[in-house]
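Asks: One structure coming up, written as structure tokens, with questions to follow.
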Amino acid sequence: MAMREIRVIPDPVLRTPCDEITTIDDRVRSLVADLVETVDYEGRAGLAANQIGVNLRAFSWNIEDEIGYILNPKIVELSDEIQDGDEGCLSVPGLWYPTRRAWYARVVGMDLDGNEITVEGTELMARCLQHETDHLDGMLYLDRLDRAVRKKAMREMRAQL
């Protein structure tokens, strides 16, 4: 297990869709251990594998004192009810913008034993599930912002680089 460095934009790994995990081996077990250790830090809600430079479909979360992980997550349900709170990202440090997300989300994936698992939640957990799954698809929360807000965010981000 190791605390891993977080990749930040414009690192191309953040824009690359991640590969499905087909074999659970020592590399995947080590990845999950690193994801769990790296997310277990104040102010961190979730962490996708590509945020630590690994192009595999896995993420961890740290929501309301619950730390977990999921492999090969797929969103299977989103509520029609919307939340529109501020969202940030470890890979886009210092920027927080209102981002529309479903109020409830459910993902299905697997654990390290290859068993199917379901993870679901509302509010912050729902936001995390959607945010981290977006990462695995090569998408950042900035991509979900309204055009004018996204332009402002990109200017602010470039000013920080």
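Ligands are numbered from 1 in the order shown, residues from 1 within each chain, and chains are lettered A, B, ... in the order they appear in the structure tokens.
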Identify, on the basis of only C-alpha atoms, every residue whose closest approach to Ala126 in chain A does not exceed 6 Å; exclude the query and any residue fewer than 4 positions from it along the same chain; express the result as a PyMOL selection string.

Replies: chain A and resi 104-105+121-122

Asks: Can you check which residues of range 10-160 of chain A DSSP gives as strand (DSSP E) on the backbone and send them as a ChimeraX atom specification?

Replies: /A:46-48,58-63,66-78,82-83,86-89,92-98,101-102,104-110,116-122

Asks: Hey, which of A:Ala45, A:Ala159, A:Met154, A:Val39 ends up closest to Ala2 in chain A? Count only C-alpha atoms.

Replies: A:Val39

Asks: Select, from A:Gly68, A:Gly109, A:Gly138, A:Gly46, the residue with the minimum atom-to-atom distance to Gly88 in chain A, counting only C-alpha atoms.

Replies: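 The shortest atom-to-atom distance to Gly88 in chain A comes from A:Gly46.
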
Asks: Env of Leu95 in chain A: 9 Å cut, atoms = only C-alpha atoms, seq-sep filter 2 positions within chain, self excluded. Answer as a PyMOL selection string.

Replies: chain A and resi 87-89+92-93+97+153+156-157

Asks: Which residue gives the smallest distance to Ala48 in chain A among A:His135, A:Arg29, A:Arg155, A:Arg147, with only C-alpha atoms counted?

Replies: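 Answer, going by the shortest atom-to-atom distance: A:His135.
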
Asks: Which residues come within 8 Å of Asp34 in chain A, counting only C-alpha atoms, excluding same-chain residues fewer than 4 positions away, as a count of residues only?

Replies: 6

Asks: Do a neighbour search on Arg106 in chain A at 7 Å with only C-alpha atoms, toss out local chain neighbours closer than 6 positions, and write the hits as a list in words.

Replies: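 Everything that qualifies: Ile75, Val76, Glu77, Leu78, Thr118, Val119, Glu120 and Gly121 of chain A.
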
Asks: Can you list, as a list in words, every residue of range 22-119 of chain A that DSSP puts in alpha helix (DSSP H)?

Replies: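 Selection result, alpha helix (DSSP H) within range 22-119 of chain A: Asp26, Arg27, Val28, Arg29, Ser30, Leu31, Val32, Ala33, Asp34, Leu35, Val36, Glu37, Thr38 and Val39 of chain A.
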
Asks: Can you write out the residues you just picked, keeping C-alpha atoms, as an mmCIF file, in the first residue's frame?

Replies:
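The file below, out.cif, is the result:
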```cif
data_model
loop_
_atom_site.group_PDB
_atom_site.id
_atom_site.type_symbol
_atom_site.label_atom_id
_atom_site.label_comp_id
_atom_site.auth_asym_id
_atom_site.auth_seq_id
_atom_site.Cartn_x
_atom_site.Cartn_y
_atom_site.Cartn_z
ATOM 1 C CA ASP A 26 -1.762 -8.812 -7.518
ATOM 2 C CA ARG A 27 -1.545 -5.651 -9.651
ATOM 3 C CA VAL A 28 -5.289 -4.983 -9.194
ATOM 4 C CA ARG A 29 -5.132 -5.817 -5.480
ATOM 5 C CA SER A 30 -2.242 -3.381 -5.079
ATOM 6 C CA LEU A 31 -4.144 -0.736 -7.055
ATOM 7 C CA VAL A 32 -7.167 -1.054 -4.756
ATOM 8 C CA ALA A 33 -4.953 -0.837 -1.662
ATOM 9 C CA ASP A 34 -3.354 2.339 -3.052
ATOM 10 C CA LEU A 35 -6.744 3.840 -3.993
ATOM 11 C CA VAL A 36 -8.101 3.183 -0.505
ATOM 12 C CA GLU A 37 -5.014 4.550 1.234
ATOM 13 C CA THR A 38 -4.832 7.631 -0.988
ATOM 14 C CA VAL A 39 -8.522 8.516 -0.548
#
```

Asks: Which one of A:Asp80, A:Asp19, A:Asp111, A:Asp40 sits closest to Asp65 in chain A if you count only C-alpha atoms?

Replies: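 Nearest to Asp65 in chain A: A:Asp40.
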
Asks: Counting only C-alpha atoms, figure out which residue out of A:Glu20, A:Leu124, A:Val108, A:Gln160 gets nearest to Glu64 in chain A.

Replies: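 Under the stated criterion, the closest residue is A:Leu124.
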
Asks: Which of these residues is nearest to Leu14 in chain A, using only C-alpha atoms: A:Leu47, A:Ser91, A:Arg57, A:Leu129?

Replies: A:Ser91

Asks: Provide the CA of Asn50 in chain A to CA of Asp86 in chain A distance in Å, to one decimal place.

Replies: 22.5 Å
